[in-house]
Amino acid sequence: MAARKETGQQWRHEVSSQGSDMERGPEAAFDVEAFFGCASVSKTMVFLGTAVRRMTSFRPAFCPLCRSTTSSRCYSSSPEPTTEKSVPYQNVLKVEDRSSGPTKPLAKSAGAVVIGGGSLGCQTIYHLAKMGMTNVVLLERDRLTAGTTWHTAGLLWQLRPSDVEVELLAHTRQVISHDLEQETGLETGWIQNGGLFIASNKQRLDEYKRLMSLGKVYGIESHVLSPAETKDLYPLMNVDDLYGTLYVPKDGTMDPAGTCTTLSRAATAMGATVIENCPVTGIQVSTDDLGVKRVKAVETAYGTIQTPVVVNCAGVWASKLGKMAGVKVPLIAMHHAYVVTERIEGIQNMPNVRDHDASVYLRLQGDALSVGGYEPNPVFWDEVSDAFAFSLFDLDWDVFMQHIEGAINRVPALEQTGIKSTVCGPESFTADHKPLMGEAPEVRGFFLGCGFNSAGMMLGGGCGRELAHWIIHGRPEKDMYGYDIRRFHHSLTDNNRWIRERSHESYAKNYSVVFPFDEPLASRNMRTDPFHEVLTKQGCVFQERHGWERPGWFNKDGPVPVLDYDWYGAYDNSRNQNYKYNELLGKEYTFDYPPHHDVIKNECLTCRHGVTVFNMSYFGKFYLTGPDAKKAADWLFSADVNKVPGSTVYTCMLNKRGGTEADLTVSRLEAGAANLPLAPQSNGDAYYLAIGGGVAEHNWNHIRSVLQDKGLSCQLTDHSEDMGMISIQGPKSRAVLQEILDTDLSNEAFPFSTHKVCRAAGHEVRAMRLSFVGELGWELHIPKESCVPVYQALMAAGAKHGLINAGYRAIDSLSIEKGYRHWHADLRLDDTPLEAGLAFTCKMKSTVPFLGRASLEKQKADGLRRRIVCFTIDQKVPMFGLEAIFRNGVPVGHLRRSDYGFFIDKQIGYGYIQHPDGGVVSSDFIKSGTFTLERMGVVYEAKAHLKSPFDPSNNRVKGIYPSTTL
């Protein structure tokens, strides 16, 4: 190494005037003698196997989770952290005296201030500067990497069960392994030693095969290996209990110190400013003339920086920083640990290992291994200390020992290997194990880049770039909805029970197989609609969507209520016994068709041939009113919603890049007095917006931000909790509804895409003739107190017509069969309506400007470089999305969504395809190709369709059926 280029650590003093030597991944040694009760025992004699045997016979009498919030649940942090640890490297981490003040003078103003000098902070300021925003400042309260980044394992795995994450990881790898060295002439410490995923059963290997197929779309080399091939690659590994492995040769390891200091050096060279030893003491927020809160300045003990943008990259301290500005940051801190072994002969150059079933990882560290994982009983750190910087906690062996057992099973040589040092530091975790990013709903200009669940190093490059786009251009380039803070309903983000329970479950299940139909058990029944109790009694198997309980499917064997969270038995909690919901959920854990496939089939075919009722009450229900409501509607919605009152229009909302922020229905209302919740007070234009409940919070904030940016005088009011919503669909829906509604439901009197207020079984409701499943049908939007009586009258009227309940699993199947889009599945933020086959939702033939129109006009003129295509296969093979699409043997995309179409009796998938040479994807390009789909390494012939194979003429939604159906 001495003959090679200088490393990031060597020039660190140039970034900070009081820089310290920092070697890769400092690890702190635990007190071996005290643990084993023998002062004469040396560290090299303490073997991992000895530790396992010792811990199985000796359990500390004290509870490692010392502070309990109740007598029955004990899940708080261990005592105060230790602040001095020995480091098993030649150079010891030197912690400077923070009283010496900031390392550089503070600017009076900045275009943006990034707070936190860890992975995300450094990546964000680097990408901001690279995109031309050089008037930016990074403030670090101590030294770069202090807090959490400095002790991270630094692993990078390229394959994840998410196309967006694969792209984010690819960018991180590009920055760390190539770009920074090219730009600075410095090394980051990247080591490409490969990655090996361990499968101990068929389901796990099936998951890996799915990743392998997705990797082919992105050009990521990977290989499924047999146990014997795995042994050849990794001779020290026990393969007796293996089903197979997935080997990715170009995975590797990052050096936190080298990476962050190289990033800061590159950003500084482009004009950014990095200031260490400068804690933030406050954030000033002002309120503008429209009542909108905006970031004004950042306060420190050494001065104030005027700025319109603050980026919260403060890791486990992000919640405290958010409170300074009145912003809720729903994350929680936990202890996260690993140990470093002594030298292991023969381990050199071996790949990093993830044994998901044992919940353990093995990271190559020179001629040793770091061993860590995710346990079901992590230790919470409730009293987050501001003084904590390069400190560590004492390792709780009672919690950690399960990882040692799994590691010894996988690499038996570890049983006779000494433990050189331990690392137990804080990490931040979130309710869905995804980061928190984007502009906070409470304060404009306050951005989040935190809550990375131990993945901040490997996601940092991709997320730093997207966050920079967010700040500069208003929206990210990629579909970052899964990371956007606005994905969570505002009622949840300060709910301690929800944050704590869901974060625990996400941590404990981090290494679980990612199945298509998994549901959480933690923090359920947070938001329930008026039908919840009656549907529970009828066997409803609920799904959870951002707090809401919505029907998934209906069990024919009786009720399956969702019980309170049992913490998987951790912290001395008793497991729920005879938990029927959990048992049914367990049967969903398959990459095959689930056991109740025929139940969903019955729900779907009853809808196609008879009539079903869907509870869609979790939908967002908003009113848009005010003097500028028409101007707002023209600008917000891609379609022309300003038709006659009584009309309902399916439309999209776009961003300025033409990406689809939402799809929804907008109903034009009559002006008049308030009749809440069915109608608002309005002296002019008024609109009723119905939006999928899982994305309602995101849509609410998008609309509000657009209104603020345009300075429009409008009122947006939320009545989601005040109304229920049921959808009655199928060829017999008119016959059933005509018995309880006091209005004519004929095509002439009540045409498709219209609505009216009428009475249902004596109760006032708003009826809309719409369908999301491709059948004749109506939606009833019902005041909360009238929901159950209307439902009971409906079921009584429908009994002779065979009316049944159905859930969202049926909706998924029926909608894909019809070709209707699901937002955030086959319609996302990075898809335009033109690419998604939704050009009909755009008023391009009019002269009315709307948000995103210019981008669509340019895209239309240039030709589509990507577009969505429907595929069917003749074999009955389950697919769920992420399957690779090949045209003439060349990968051109992957499926976004797939489900079984019971009416056409085929597997259906939708995915976006691109021309291999970047050219226009024309109809001829699609028609002339031979397409195949790869599922788990197996290739299937597929047929491409330019239109939905089910009812392409839309006769059924018009009520036109074959005489044999009615």
# chains A, B, ... in the order shown; residues from 1 in each chain; ligands from 1
call {"tool": "residues_around", "arguments": {"residues": "Gly291 (chain A)", "least_positions_apart": "3", "cutoff": "12 Å", "atoms": "only C-alpha atoms", "output": "PyMOL selection string"}}
result
chain A and resi 285-288+294+442-444+708+711+713
call {"tool": "write_last_selection", "arguments": {"atoms": "all heavy atoms", "output": "compact mmCIF listing (two decimals), in the first residue's frame"}}
result
# COMPACT_ATOMS: atom_id res chain seq x y z
N VAL A 285 -37.26 29.24 11.99
CA VAL A 285 -38.34 29.02 11.02
C VAL A 285 -39.21 30.26 10.98
O VAL A 285 -39.59 30.81 12.02
CB VAL A 285 -39.17 27.79 11.42
CG1 VAL A 285 -40.38 27.63 10.49
CG2 VAL A 285 -38.32 26.53 11.41
N SER A 286 -39.52 30.72 9.77
CA SER A 286 -40.39 31.88 9.61
C SER A 286 -41.70 31.46 8.95
O SER A 286 -41.79 30.39 8.35
CB SER A 286 -39.71 32.95 8.76
OG SER A 286 -39.44 32.47 7.46
N THR A 287 -42.72 32.30 9.07
CA THR A 287 -44.01 32.05 8.45
C THR A 287 -44.29 33.13 7.43
O THR A 287 -44.24 34.33 7.75
CB THR A 287 -45.13 32.03 9.51
OG1 THR A 287 -44.82 31.06 10.51
CG2 THR A 287 -46.47 31.69 8.87
N ASP A 288 -44.55 32.73 6.17
CA ASP A 288 -44.75 33.72 5.11
C ASP A 288 -46.17 34.25 5.10
O ASP A 288 -46.99 33.90 5.96
CB ASP A 288 -44.34 33.16 3.75
CG ASP A 288 -45.23 32.01 3.28
OD1 ASP A 288 -46.34 31.84 3.82
OD2 ASP A 288 -44.81 31.28 2.36
N ARG A 294 -41.32 28.14 6.76
CA ARG A 294 -40.14 27.90 5.93
C ARG A 294 -38.88 28.06 6.77
O ARG A 294 -38.83 28.86 7.71
CB ARG A 294 -40.10 28.89 4.76
CG ARG A 294 -41.29 28.79 3.82
CD ARG A 294 -41.17 29.75 2.64
NE ARG A 294 -42.34 29.70 1.78
CZ ARG A 294 -42.51 28.83 0.79
NH1 ARG A 294 -41.57 27.93 0.53
NH2 ARG A 294 -43.61 28.86 0.05
N GLU A 442 -44.05 19.53 7.60
CA GLU A 442 -44.32 20.63 8.51
C GLU A 442 -43.64 21.94 8.12
O GLU A 442 -44.18 23.02 8.37
CB GLU A 442 -43.88 20.27 9.94
CG GLU A 442 -44.55 19.04 10.52
CD GLU A 442 -43.77 17.77 10.30
OE1 GLU A 442 -42.93 17.74 9.36
OE2 GLU A 442 -43.97 16.80 11.05
N VAL A 443 -42.45 21.85 7.53
CA VAL A 443 -41.64 23.05 7.26
C VAL A 443 -41.02 22.94 5.88
O VAL A 443 -40.26 22.00 5.61
CB VAL A 443 -40.54 23.23 8.33
CG1 VAL A 443 -39.70 24.46 8.03
CG2 VAL A 443 -41.15 23.34 9.73
N ARG A 444 -41.31 23.89 5.01
CA ARG A 444 -40.70 23.90 3.69
C ARG A 444 -39.21 24.22 3.82
O ARG A 444 -38.80 25.08 4.61
CB ARG A 444 -41.38 24.94 2.78
CG ARG A 444 -42.86 24.74 2.53
CD ARG A 444 -43.16 23.43 1.81
NE ARG A 444 -42.51 23.33 0.52
CZ ARG A 444 -43.02 23.80 -0.63
NH1 ARG A 444 -44.21 24.42 -0.62
NH2 ARG A 444 -42.38 23.63 -1.77
N GLN A 708 -49.00 26.16 -2.58
CA GLN A 708 -48.11 27.15 -1.96
C GLN A 708 -47.16 27.76 -2.98
O GLN A 708 -46.95 28.97 -3.00
CB GLN A 708 -47.33 26.48 -0.83
CG GLN A 708 -48.18 26.05 0.35
CD GLN A 708 -47.42 25.19 1.33
OE1 GLN A 708 -46.25 24.87 1.13
NE2 GLN A 708 -48.10 24.78 2.40
N GLY A 711 -48.95 30.15 -5.11
CA GLY A 711 -49.58 31.25 -4.40
C GLY A 711 -51.08 31.33 -4.62
O GLY A 711 -51.65 32.42 -4.67
N SER A 713 -55.11 30.89 -3.82
CA SER A 713 -56.00 31.03 -2.67
C SER A 713 -57.03 29.91 -2.73
O SER A 713 -58.06 30.01 -3.40
CB SER A 713 -56.70 32.40 -2.70
OG SER A 713 -57.60 32.51 -1.63
call {"tool": "select_by_dssp", "arguments": {"residues": "region 749-858 of chain A", "states": "strand (DSSP E or B)", "output": "MDAnalysis selection string"}}
result
chainID A and resid 754:760 763:768 777:783 804:806 823 827
call {"tool": "atom_distance", "arguments": {"atom1": "CA of Asp557 (chain A)", "atom2": "CA of Lys601 (chain A)"}}
result
16.5 Å
call {"tool": "closest_residue", "arguments": {"among": "A:Gly461, A:Asp289, A:Arg363, A:Leu331", "to": "Ile176 (chain A)", "atoms": "only C-alpha atoms"}}
result
A:Gly461
call {"tool": "closest_atom_pairs", "arguments": {"of": "region 481-564 of chain A", "to": "region 862-880 of chain A", "cutoff": "12 Å", "atoms": "only C-alpha atoms", "output": "tab-separated table"}}
result
residue	atom	partner	partner_atom	distance
A:Val514	CA	A:Phe880	CA	11.7
A:Phe515	CA	A:Phe880	CA	9.5
A:Pro516	CA	A:Phe880	CA	6.7
A:Phe517	CA	A:Phe880	CA	9.6
call {"tool": "residues_around", "arguments": {"residues": "Lys478 (chain A)", "least_positions_apart": "4", "cutoff": "12 Å", "atoms": "only C-alpha atoms", "output": "list in words"}}
result
Asp163, Val164, Glu165, Val166, Glu167, Leu168, Gly462, Cys463, Arg465, Glu466, Leu467, Ala468, His469, Trp470, Gly482, Tyr483, Asp484, Arg657, Gly659, Thr660, Glu661, His824, Arg828, Leu829, Asp830 and Asp831 of chain A
call {"tool": "write_last_selection", "arguments": {"atoms": "N, CA and C atoms", "output": "PDB file, in the first residue's frame"}}
result
ATOM      1  N   ASP A 163     -36.040  -2.766  -7.587  1.00  0.00           N
ATOM      2  CA  ASP A 163     -35.279  -2.224  -8.707  1.00  0.00           C
ATOM      3  C   ASP A 163     -34.673  -0.872  -8.374  1.00  0.00           C
ATOM      4  N   VAL A 164     -35.400  -0.049  -7.619  1.00  0.00           N
ATOM      5  CA  VAL A 164     -34.880   1.266  -7.256  1.00  0.00           C
ATOM      6  C   VAL A 164     -33.646   1.121  -6.378  1.00  0.00           C
ATOM      7  N   GLU A 165     -33.683   0.211  -5.406  1.00  0.00           N
ATOM      8  CA  GLU A 165     -32.525   0.040  -4.528  1.00  0.00           C
ATOM      9  C   GLU A 165     -31.330  -0.514  -5.290  1.00  0.00           C
ATOM     10  N   VAL A 166     -31.568  -1.386  -6.262  1.00  0.00           N
ATOM     11  CA  VAL A 166     -30.465  -1.871  -7.096  1.00  0.00           C
ATOM     12  C   VAL A 166     -29.792  -0.697  -7.800  1.00  0.00           C
ATOM     13  N   GLU A 167     -30.579   0.246  -8.290  1.00  0.00           N
ATOM     14  CA  GLU A 167     -30.029   1.410  -8.968  1.00  0.00           C
ATOM     15  C   GLU A 167     -29.301   2.329  -7.993  1.00  0.00           C
ATOM     16  N   LEU A 168     -29.844   2.510  -6.804  1.00  0.00           N
ATOM     17  CA  LEU A 168     -29.184   3.334  -5.793  1.00  0.00           C
ATOM     18  C   LEU A 168     -27.839   2.734  -5.394  1.00  0.00           C
ATOM     19  N   GLY A 462     -26.330   6.636  -3.815  1.00  0.00           N
ATOM     20  CA  GLY A 462     -27.561   6.800  -4.562  1.00  0.00           C
ATOM     21  C   GLY A 462     -28.520   7.757  -3.894  1.00  0.00           C
ATOM     22  N   CYS A 463     -28.655   7.655  -2.578  1.00  0.00           N
ATOM     23  CA  CYS A 463     -29.579   8.531  -1.859  1.00  0.00           C
ATOM     24  C   CYS A 463     -29.062   9.960  -1.795  1.00  0.00           C
ATOM     25  N   ARG A 465     -27.373  11.465  -4.106  1.00  0.00           N
ATOM     26  CA  ARG A 465     -27.666  12.065  -5.407  1.00  0.00           C
ATOM     27  C   ARG A 465     -29.152  12.416  -5.529  1.00  0.00           C
ATOM     28  N   GLU A 466     -30.025  11.501  -5.103  1.00  0.00           N
ATOM     29  CA  GLU A 466     -31.453  11.785  -5.200  1.00  0.00           C
ATOM     30  C   GLU A 466     -31.862  12.933  -4.291  1.00  0.00           C
ATOM     31  N   LEU A 467     -31.254  13.005  -3.112  1.00  0.00           N
ATOM     32  CA  LEU A 467     -31.552  14.100  -2.194  1.00  0.00           C
ATOM     33  C   LEU A 467     -31.098  15.432  -2.783  1.00  0.00           C
ATOM     34  N   ALA A 468     -29.950  15.431  -3.454  1.00  0.00           N
ATOM     35  CA  ALA A 468     -29.479  16.652  -4.118  1.00  0.00           C
ATOM     36  C   ALA A 468     -30.458  17.081  -5.212  1.00  0.00           C
ATOM     37  N   HIS A 469     -30.955  16.123  -5.981  1.00  0.00           N
ATOM     38  CA  HIS A 469     -31.980  16.440  -6.995  1.00  0.00           C
ATOM     39  C   HIS A 469     -33.223  17.017  -6.331  1.00  0.00           C
ATOM     40  N   TRP A 470     -33.630  16.423  -5.234  1.00  0.00           N
ATOM     41  CA  TRP A 470     -34.812  16.869  -4.493  1.00  0.00           C
ATOM     42  C   TRP A 470     -34.665  18.346  -4.120  1.00  0.00           C
ATOM     43  N   GLY A 482     -40.855   5.151  -1.634  1.00  0.00           N
ATOM     44  CA  GLY A 482     -40.644   4.219  -0.536  1.00  0.00           C
ATOM     45  C   GLY A 482     -39.753   4.768   0.559  1.00  0.00           C
ATOM     46  N   TYR A 483     -39.022   5.857   0.280  1.00  0.00           N
ATOM     47  CA  TYR A 483     -38.156   6.496   1.270  1.00  0.00           C
ATOM     48  C   TYR A 483     -38.712   7.856   1.731  1.00  0.00           C
ATOM     49  N   ASP A 484     -39.676   8.379   1.015  1.00  0.00           N
ATOM     50  CA  ASP A 484     -40.199   9.725   1.258  1.00  0.00           C
ATOM     51  C   ASP A 484     -40.907   9.772   2.611  1.00  0.00           C
ATOM     52  N   ARG A 657     -41.149  17.315 -14.217  1.00  0.00           N
ATOM     53  CA  ARG A 657     -40.458  16.420 -15.146  1.00  0.00           C
ATOM     54  C   ARG A 657     -41.441  15.508 -15.879  1.00  0.00           C
ATOM     55  N   GLY A 659     -43.235  13.253 -14.399  1.00  0.00           N
ATOM     56  CA  GLY A 659     -43.430  12.034 -13.616  1.00  0.00           C
ATOM     57  C   GLY A 659     -44.764  12.051 -12.903  1.00  0.00           C
ATOM     58  N   THR A 660     -45.334  10.881 -12.698  1.00  0.00           N
ATOM     59  CA  THR A 660     -46.685  10.768 -12.144  1.00  0.00           C
ATOM     60  C   THR A 660     -46.640  10.746 -10.618  1.00  0.00           C
ATOM     61  N   GLU A 661     -47.085  11.828 -10.021  1.00  0.00           N
ATOM     62  CA  GLU A 661     -47.143  11.917  -8.564  1.00  0.00           C
ATOM     63  C   GLU A 661     -48.343  11.160  -8.002  1.00  0.00           C
ATOM     64  N   HIS A 824     -47.581   3.390  -7.801  1.00  0.00           N
ATOM     65  CA  HIS A 824     -46.406   2.878  -7.134  1.00  0.00           C
ATOM     66  C   HIS A 824     -46.174   1.404  -7.400  1.00  0.00           C
ATOM     67  N   ARG A 828     -45.464   5.036 -11.500  1.00  0.00           N
ATOM     68  CA  ARG A 828     -44.636   5.588 -10.419  1.00  0.00           C
ATOM     69  C   ARG A 828     -44.190   7.017 -10.738  1.00  0.00           C
ATOM     70  N   LEU A 829     -43.466   7.570  -9.785  1.00  0.00           N
ATOM     71  CA  LEU A 829     -42.949   8.927  -9.919  1.00  0.00           C
ATOM     72  C   LEU A 829     -41.998   9.087 -11.103  1.00  0.00           C
ATOM     73  N   ASP A 830     -41.370   7.993 -11.504  1.00  0.00           N
ATOM     74  CA  ASP A 830     -40.424   8.081 -12.617  1.00  0.00           C
ATOM     75  C   ASP A 830     -41.053   7.628 -13.933  1.00  0.00           C
ATOM     76  N   ASP A 831     -42.378   7.477 -13.970  1.00  0.00           N
ATOM     77  CA  ASP A 831     -43.101   7.122 -15.187  1.00  0.00           C
ATOM     78  C   ASP A 831     -43.964   8.300 -15.610  1.00  0.00           C
TER      79      ASP A 831
END
call {"tool": "closest_atom_pairs", "arguments": {"of": "region 513-544 of chain A", "to": "region 685-707 of chain A", "cutoff": "12 Å", "atoms": "only C-alpha atoms", "output": "Markdown table"}}
result
| residue | atom | partner | partner_atom | distance |
| --- | --- | --- | --- | --- |
| A:Arg527 | CA | A:Gly693 | CA | 11.1 |
| A:Thr528 | CA | A:Gly693 | CA | 11.9 |
| A:Asp529 | CA | A:Gly693 | CA | 11.6 |
| A:Gln543 | CA | A:Gly694 | CA | 11.1 |
| A:Glu544 | CA | A:Gly694 | CA | 9.1 |
call {"tool": "residues_around", "arguments": {"residues": "His719 (chain A)", "least_positions_apart": "3", "cutoff": "8 Å", "atoms": "only C-alpha atoms", "output": "ChimeraX atom specification"}}
result
/A:620-623,677,722-723
call {"tool": "residues_around", "arguments": {"residues": "Arg668 (chain A)", "least_positions_apart": "3", "cutoff": "10 Å", "atoms": "only C-alpha atoms", "output": "short mmCIF file (atom, residue, chain, number, x, y, z; two decimals) with N, CA and C atoms, in the first residue's frame"}}
result
data_model
loop_
_atom_site.label_atom_id
_atom_site.label_comp_id
_atom_site.auth_asym_id
_atom_site.auth_seq_id
_atom_site.Cartn_x
_atom_site.Cartn_y
_atom_site.Cartn_z
N LEU A 624 -61.40 20.38 -2.55
CA LEU A 624 -60.64 21.53 -3.02
C LEU A 624 -61.63 22.64 -3.35
N VAL A 641 -60.70 18.46 -15.80
CA VAL A 641 -61.69 18.11 -14.78
C VAL A 641 -62.80 19.15 -14.70
N ASN A 642 -62.67 20.22 -15.49
CA ASN A 642 -63.66 21.29 -15.42
C ASN A 642 -64.79 21.05 -16.41
N LYS A 643 -65.42 19.91 -16.25
CA LYS A 643 -66.61 19.58 -17.00
C LYS A 643 -67.83 20.02 -16.18
N VAL A 644 -69.01 19.64 -16.60
CA VAL A 644 -70.21 20.08 -15.90
C VAL A 644 -70.25 19.48 -14.50
N PRO A 645 -70.81 20.20 -13.52
CA PRO A 645 -70.99 19.60 -12.20
C PRO A 645 -71.75 18.28 -12.32
N GLY A 646 -71.31 17.31 -11.55
CA GLY A 646 -71.87 15.97 -11.64
C GLY A 646 -70.98 15.02 -12.42
N SER A 647 -69.89 15.54 -12.99
CA SER A 647 -68.96 14.69 -13.73
C SER A 647 -67.84 14.22 -12.81
N THR A 648 -67.28 13.08 -13.13
CA THR A 648 -66.13 12.51 -12.42
C THR A 648 -65.09 12.13 -13.46
N VAL A 649 -63.83 12.52 -13.22
CA VAL A 649 -62.78 12.32 -14.20
C VAL A 649 -61.61 11.59 -13.55
N ALA A 671 -72.07 24.26 -6.72
CA ALA A 671 -71.89 25.27 -5.68
C ALA A 671 -73.09 25.22 -4.74
N ASP A 685 -66.34 27.25 -7.66
CA ASP A 685 -65.84 25.96 -8.08
C ASP A 685 -65.43 25.12 -6.87
N ALA A 686 -65.79 23.83 -6.93
CA ALA A 686 -65.45 22.90 -5.85
C ALA A 686 -65.26 21.52 -6.44
N TYR A 687 -64.32 20.77 -5.83
CA TYR A 687 -63.95 19.47 -6.36
C TYR A 687 -63.80 18.47 -5.22
N TYR A 688 -64.20 17.23 -5.51
CA TYR A 688 -64.05 16.14 -4.55
C TYR A 688 -63.01 15.17 -5.10
N LEU A 689 -61.97 14.92 -4.31
CA LEU A 689 -60.85 14.10 -4.74
C LEU A 689 -60.87 12.79 -3.97
N THR A 754 -70.04 9.67 -13.82
CA THR A 754 -70.86 10.73 -13.22
C THR A 754 -71.14 10.37 -11.77
N HIS A 755 -71.64 11.36 -11.04
CA HIS A 755 -71.94 11.15 -9.62
C HIS A 755 -73.13 11.99 -9.22
#
call {"tool": "atom_distance", "arguments": {"atom1": "CA of Gly271 (chain A)", "atom2": "CA of Gln284 (chain A)"}}
result
25.0 Å
call {"tool": "closest_atom_pairs", "arguments": {"of": "region 268-339 of chain A", "to": "region 371-394 of chain A", "cutoff": "7 Å", "atoms": "only C-alpha atoms", "output": "CSV"}}
result
residue,atom,partner,partner_atom,distance
A:Ala333,CA,A:Trp381,CA,5.3
A:Met334,CA,A:Phe380,CA,4.3
A:His335,CA,A:Val379,CA,5.4
A:Ala337,CA,A:Gly372,CA,6.1
A:Tyr338,CA,A:Gly372,CA,4.2
A:Val339,CA,A:Val371,CA,5.3
call {"tool": "write_last_selection", "arguments": {"atoms": "C-alpha atoms", "output": "tab-separated table (two decimals), in the first residue's frame"}}
result
chain	number	residue	atom	x	y	z
A	333	ALA	CA	-32.02	4.35	18.17
A	334	MET	CA	-30.87	0.84	18.95
A	335	HIS	CA	-27.61	-0.84	19.87
A	337	ALA	CA	-23.02	-4.79	17.36
A	338	TYR	CA	-20.34	-6.95	15.83
A	339	VAL	CA	-17.14	-8.61	17.00
call {"tool": "atom_distance", "arguments": {"atom1": "CA of Pro949 (chain A)", "atom2": "CA of Lys843 (chain A)"}}
result
26.5 Å
call {"tool": "select_by_dssp", "arguments": {"residues": "region 64-270 of chain A", "states": "alpha helix (DSSP H)", "output": "PyMOL selection string"}}
result
chain A and resi 119-130+163-174+180-184+202-217+227-233+256-269
call {"tool": "residues_around", "arguments": {"residues": "Pro520 (chain A)", "least_positions_apart": "6", "cutoff": "10 Å", "atoms": "only C-alpha atoms", "output": "tab-separated table (two decimals) with C-alpha atoms, in the first residue's frame"}}
result
chain	number	residue	atom	x	y	z
A	432	ASP	CA	-40.55	-0.11	7.70
A	502	ARG	CA	-42.86	-1.43	13.98
A	505	GLU	CA	-40.37	-5.88	14.03
A	506	SER	CA	-38.52	-4.44	11.05
A	509	LYS	CA	-37.21	-9.43	10.41
A	543	GLN	CA	-53.90	-5.95	5.12
A	544	GLU	CA	-52.13	-2.99	6.71
A	545	ARG	CA	-51.43	0.11	4.63
A	565	TYR	CA	-48.15	-7.22	19.10
A	582	ASN	CA	-50.53	-15.27	12.00
A	585	LEU	CA	-50.09	-15.17	7.11
call {"tool": "closest_residue", "arguments": {"among": "A:Gly189, A:Gly111, A:Gly672, A:Pro161", "to": "Thr307 (chain A)", "atoms": "only C-alpha atoms"}}
result
A:Gly111
call {"tool": "closest_atom_pairs", "arguments": {"of": "region 695-750 of chain A", "to": "region 788-805 of chain A", "cutoff": "7 Å", "atoms": "only C-alpha atoms", "output": "CSV"}}
result
residue,atom,partner,partner_atom,distance
A:Val736,CA,A:Gly798,CA,5.3
A:Glu739,CA,A:Ala797,CA,6.6
A:Ile740,CA,A:Leu794,CA,6.8
call {"tool": "write_last_selection", "arguments": {"atoms": "all heavy atoms", "output": "mmCIF file, in the first residue's frame"}}
result
data_model
loop_
_atom_site.group_PDB
_atom_site.id
_atom_site.type_symbol
_atom_site.label_atom_id
_atom_site.label_comp_id
_atom_site.auth_asym_id
_atom_site.auth_seq_id
_atom_site.Cartn_x
_atom_site.Cartn_y
_atom_site.Cartn_z
ATOM 1 N N VAL A 736 -78.878 -5.027 -7.876
ATOM 2 C CA VAL A 736 -78.803 -4.960 -6.411
ATOM 3 C C VAL A 736 -78.992 -3.535 -5.919
ATOM 4 O O VAL A 736 -79.811 -3.265 -5.022
ATOM 5 C CB VAL A 736 -77.446 -5.519 -5.917
ATOM 6 C CG1 VAL A 736 -77.305 -5.301 -4.415
ATOM 7 C CG2 VAL A 736 -77.317 -6.993 -6.255
ATOM 8 N N GLU A 739 -82.375 -1.580 -5.727
ATOM 9 C CA GLU A 739 -83.297 -1.877 -4.630
ATOM 10 C C GLU A 739 -83.083 -0.970 -3.425
ATOM 11 O O GLU A 739 -83.999 -0.817 -2.606
ATOM 12 C CB GLU A 739 -83.160 -3.337 -4.207
ATOM 13 C CG GLU A 739 -83.593 -4.330 -5.280
ATOM 14 C CD GLU A 739 -83.700 -5.739 -4.737
ATOM 15 O OE1 GLU A 739 -83.947 -5.880 -3.512
ATOM 16 O OE2 GLU A 739 -83.534 -6.699 -5.510
ATOM 17 N N ILE A 740 -81.892 -0.370 -3.288
ATOM 18 C CA ILE A 740 -81.650 0.444 -2.087
ATOM 19 C C ILE A 740 -81.415 1.916 -2.409
ATOM 20 O O ILE A 740 -81.464 2.753 -1.504
ATOM 21 C CB ILE A 740 -80.466 -0.099 -1.264
ATOM 22 C CG1 ILE A 740 -79.138 0.061 -2.007
ATOM 23 C CG2 ILE A 740 -80.705 -1.544 -0.860
ATOM 24 C CD1 ILE A 740 -77.931 -0.177 -1.122
#
call {"tool": "residues_around", "arguments": {"residues": "region 743-748 of chain A", "least_positions_apart": "6", "cutoff": "9 Å", "atoms": "only C-alpha atoms", "output": "NGL selection string"}}
result
:A and (734 or 737 or 758-759 or 958-959)
call {"tool": "closest_atom_pairs", "arguments": {"of": "region 207-265 of chain A", "to": "region 135-151 of chain A", "cutoff": "9 Å", "atoms": "only C-alpha atoms", "output": "CSV"}}
result
residue,atom,partner,partner_atom,distance
A:Asp255,CA,A:Trp150,CA,8.9
A:Pro256,CA,A:Trp150,CA,5.9
A:Ala257,CA,A:Trp150,CA,6.4
A:Cys260,CA,A:Thr145,CA,7.0
A:Thr261,CA,A:Leu144,CA,7.3
A:Ser264,CA,A:Leu144,CA,9.0
